[in-house]
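Taking it in order: structure first as structure tokens, then the write-up.
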Amino acid sequence: MPDDAASNHRDDPEQPERRDFLTRVGVGACAAAAVGSGLVTLDFLRPKVLFEPPTTFLAGDPGDYPEGTVRFNKERKAYVIGAPGGVYALSAVCTHLGCITRFLSDQSVIACPCHGSRFDLEGNVVQGPAPRPLPWLEVETNPQGLLVVDTGIVVPRGKVFRA
Amino acid sequence: MRALSTGPISRWLIDSSLYRSVVRHGVADTNRNRSLVVFENLFLHVHPVKVRQKTLRFTHTYWLGGVAFACALILIATGILLMFYYHPSVPQAYRDMKELSFVVDNGTFLRNMHRWAAHLMVLASFLHMLRVFFHRAYRPPRQFNWVIGVVLLIVTLLLSYTGYLLPWDQLAFWGVSVGTNMAKEAPLLGEKVRFLLLGGNIVSENALLRFYVLHCVVLPVALLLFLSVHIWRVRKDGGVQGPPDDTPGQEEVR
Amino acid sequence: MSSMPPLDVVESSDPMATPRRVALVRPDMRPAVRMTDEPYVMTFPNLIIREIILFQIVVVGLAVAAMLFDAPLEGIANPLETPNPAKAPWYFLGLQELLHYFPPVVAGVLMPVLVVIALVVIPYARINLSAQELWKGAGAGRLAAVIGVASAIVLLFAAFGCWPIVVPTACVALAMLAARGGGDGGAIRTTLARVTLPEWIMLWFTIVAAILTIIGTFFRGPGWTFVWPWAAAAAG
């Protein structure tokens, strides 16, 4: 090492490794503190309570849905549809760019007003730019026997809820 | 930092052209490289490359300006984090304070850090002013830097005052009411200044929003600008001045 | 400018002689750092590491305080219900205490403005530049002046019943008098003797501000009446 008289270093001639070791421990501790602070900050920023509307809604009695019934819940953006032997739910949000679709009962088709996508009553894309079919949503009954639809849970297509 | 750069992986990393494109100097083994660490760094190059050894001692300045600056940095960091959960509207602001205290992870800790750093910054600024006074470090050519320091003290107090209203609890509301009523007593301008400050005649949503903008944007920018000039002037005036070297009475200046 | 050293002008009739340019630097405007033999050290790492350590100490200290002491949060703001007492933040409590004795124009506006003006003026009024000890070479005139001014302040503030200012002023005045002739006294007296007049004034101001703030923080209860801190804490 060049001898720098202007530097404040006083190398320990006996054990230069001690200074190096302590430097490494110190910097390592700072690094650990920095990583810890970063994790704490990330944890702080993740919301623990959301003030958004709940994803579940009550959809009435299973008997209200004879085959072919289509009911539209505007606030939760979901169709509840009667099938042979059961009930299922479709998301009403168009898979193209998120517009809210509408059910055209005379044509038995779900149409999106934004770019012309059309879906059949099982959610399959019939026409238009939508890349994916409408997802099927979970349908359950509550202890009182009423239907509960959860728009936050997607179930496999074709899974009809049998009451 | 010899200790960190002697391993084979470290050496390979430091010698790579990717690293060298970012950090242009070599390992700070030589005085030239130690100079470059300071000289080529945007944030560090307000420092001179060499400093008088005497100025490093704790008793030279008691590092009070440094404590105030450290508090400012902590306040900016914690303040920005708190801003992610705070709505400056009535009564949502108070609910957000409750949310920070009971719902958000580490919300209480960050809020406490912010509050105690604020108190420490006011105290450290005042002690720093006393230190500079008793060391007579405002003598020429440092006169204007003292004035900038007084401005910084006022900006710090205003930052503390505007932040005081934001929790929108009884302490905040009435503390600010008392303060603005004191300002109202100023002749000629008092009423007008109070009206501008509050955005109305009473402490209300308008006042909260104005104090929020002052506290989070206007005053921090003012603080950073004046702080930059303050620190730059210290450098240009030859560095920090601690206890006057000469014995009293022997430096007659006319 | 009468103390400027005379200019040395070298005259020469040789047209080829190198002209000398004399740069004149007024002594009071010279930079504070002269060429000295003082040792210099590299900023990196000596100063940088101290700055890093200071920052870490402040962060750790504040983190410990943040874990031990919670920031207060009272009930939601209610414009219809004034708490009793309604106190400003602690750095304004000194002013609020002054409001108890003086009309708002004086305590709330005049005094703070005067303080700020006095602070700003310090370097320009060349305060304390020569660091003259208060009693050095001073005669009876200075003694009379000190006693006179101190008495005037005490009487003025006593007329308003402002004891938080009267008592510290009297104490500081006594300390100033004790410093007189302190060159041969004990250790405390010798230290006091070295204090200059502007430093006494700043000490006085700091002590008064601290006492006013302490009283406003701990000794004032409902209606701004005087309470003992332990009684207030028990009741509150």
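By convention in this document, the chains of the structure tokens carry letters A, B, ... by their order, each chain's residues are numbered from 1, and ligands are numbered from 1 in the order they are shown.
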With a cut-off of 6 Å and counting only C-alpha atoms, select all residues of chain B in contact with chain C and give the selection as a short mmCIF file (atom, residue, chain, number, x, y, z; two decimals) with C-alpha atoms, in the first residue's frame.
data_model
loop_
_atom_site.label_atom_id
_atom_site.label_comp_id
_atom_site.auth_asym_id
_atom_site.auth_seq_id
_atom_site.Cartn_x
_atom_site.Cartn_y
_atom_site.Cartn_z
CA ARG B 34 -9.93 8.75 -2.35
CA VAL B 49 -11.12 16.61 -1.16
CA LYS B 50 -9.11 17.25 2.00
CA VAL B 51 -10.30 18.67 5.30
CA ARG B 52 -8.47 20.19 8.23
CA GLN B 53 -7.97 17.43 10.74
CA ALA B 70 -29.93 13.79 9.52
CA PHE B 109 -43.47 3.20 14.54
CA ASN B 112 -43.51 8.13 16.06
CA MET B 113 -40.23 8.37 14.13
CA TYR B 138 -20.76 34.39 11.97
CA GLN B 143 -22.36 36.89 7.86
CA VAL B 147 -28.89 34.99 7.98
CA TRP B 168 -56.87 16.73 12.71
CA ASP B 169 -57.37 15.85 16.34
CA GLN B 170 -58.28 18.27 19.12
CA PHE B 173 -57.08 21.86 15.59
CA TRP B 174 -56.89 24.05 18.66
CA GLY B 175 -53.12 24.36 18.58
CA MET B 182 -51.79 35.13 17.39
CA GLU B 185 -52.85 40.40 15.83
CA ALA B 186 -50.18 41.66 13.46
CA GLY B 238 -13.37 27.62 4.00
CA PRO B 248 -9.99 36.73 23.02
CA GLY B 249 -9.05 40.33 22.61
CA GLU B 251 -8.17 39.75 16.96
CA GLU B 252 -9.18 43.33 16.77
#
(request) Could you give me the residues within stretch 40-136 of chain C that DSSP places in helix (DSSP H, G or I), as an NGL selection string? (result) :C and (43-68 or 90-99 or 104-121)
(request) Using only C-alpha atoms, find the one residue out of B:Arg115, B:His128, B:Lys54, B:Arg20 that sits nearest to chain A. (result)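 Of B:Arg115, B:His128, B:Lys54, B:Arg20, the one nearest chain A, counting only C-alpha atoms, is B:Lys54.
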Excluding A:Thr41 and residues on its chain fewer than 5 positions from it, collect all residues at most 12 Å away from it, counting only C-alpha atoms, and give them as a short mmCIF file (atom, residue, chain, number, x, y, z; two decimals) with C-alpha atoms, in the first residue's frame.
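Printed below is part-v4.cif as written:
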data_model
loop_
_atom_site.label_atom_id
_atom_site.label_comp_id
_atom_site.auth_asym_id
_atom_site.auth_seq_id
_atom_site.Cartn_x
_atom_site.Cartn_y
_atom_site.Cartn_z
CA ALA A 34 -30.72 -1.62 4.76
CA VAL A 35 -32.33 -4.86 3.59
CA GLY A 36 -34.42 -4.98 6.77
CA ARG A 46 -49.08 -3.25 1.49
CA PRO A 47 -52.63 -2.36 2.58
CA ALA B 77 -38.30 9.47 4.22
CA THR B 78 -40.89 8.80 6.95
CA ILE B 80 -43.25 10.21 2.19
CA LEU B 81 -44.19 6.81 3.57
CA LEU B 82 -46.90 8.31 5.76
CA PHE B 84 -49.26 6.80 1.19
CA VAL B 104 -51.04 -0.63 9.00
CA ASP B 105 -47.92 -2.63 9.81
CA ASN B 106 -45.32 -0.41 11.51
CA GLY B 107 -47.67 2.56 11.14
CA PHE B 109 -43.47 3.20 14.54
CA LEU B 110 -43.15 5.38 11.44
#
(message) If I take atom CA of A:Tyr65 and atom CA of A:Gly82, how far is one from the other in Å, to one decimal?
(response) 4.7 Å
(message) Can you pull out the residues contacting B:Ser125? Cut-off 8 Å, using only C-alpha atoms, and skip same-chain residues under 2 positions away; I want them as an MDAnalysis selection string.
(response) chainID B and resid 64:65 68 121:123 127:129 153
Go ahead and save the residues from that selection, with C-alpha atoms, as an mmCIF file, in the first residue's frame.
data_model
loop_
_atom_site.group_PDB
_atom_site.id
_atom_site.type_symbol
_atom_site.label_atom_id
_atom_site.label_comp_id
_atom_site.auth_asym_id
_atom_site.auth_seq_id
_atom_site.Cartn_x
_atom_site.Cartn_y
_atom_site.Cartn_z
ATOM 1 C CA LEU B 64 -25.280 19.776 15.583
ATOM 2 C CA GLY B 65 -25.781 20.895 12.002
ATOM 3 C CA ALA B 68 -30.388 18.620 12.096
ATOM 4 C CA MET B 121 -34.753 18.851 14.350
ATOM 5 C CA VAL B 122 -36.187 21.972 15.975
ATOM 6 C CA LEU B 123 -34.041 21.439 19.051
ATOM 7 C CA LEU B 127 -28.598 24.385 19.595
ATOM 8 C CA HIS B 128 -26.668 24.680 16.318
ATOM 9 C CA MET B 129 -27.479 28.379 16.241
ATOM 10 C CA LEU B 153 -34.755 28.000 11.574
#
(request) Within 8 Å of A:Pro62, counting only C-alpha atoms, which residues show up once you throw out same-chain ones fewer than 5 positions away? Write them as a ChimeraX atom specification, please. (result) /A:86-87,146-147,163
(message) Would you pick out the contacts of B:Leu208 at 7 Å or less, using only C-alpha atoms, so that residues sharing its chain but fewer than 2 positions from it are not included, and give the list as a count of residues only?
(response) 10
(request) Quick one: pull the distance between atom CA of B:His25 and atom CA of B:Val37, Å, one decimal. (result) 6.9 Å
(request) State, in Å with one decimal place, the distance from atom CA of B:Ala118 to atom CA of B:Pro167. (result) 14.5 Å
(message) I need the residue nearest B:Ile76 from this list: B:Ala117, B:Val90, B:Leu4, B:Val23. Use only C-alpha atoms for the distance.
(response) B:Ala117
(request) Show which residues sit within 10 Å of B:His135, as a count of residues only. Count only C-alpha atoms, and ignore same-chain residues fewer than 6 positions away. (result) 8
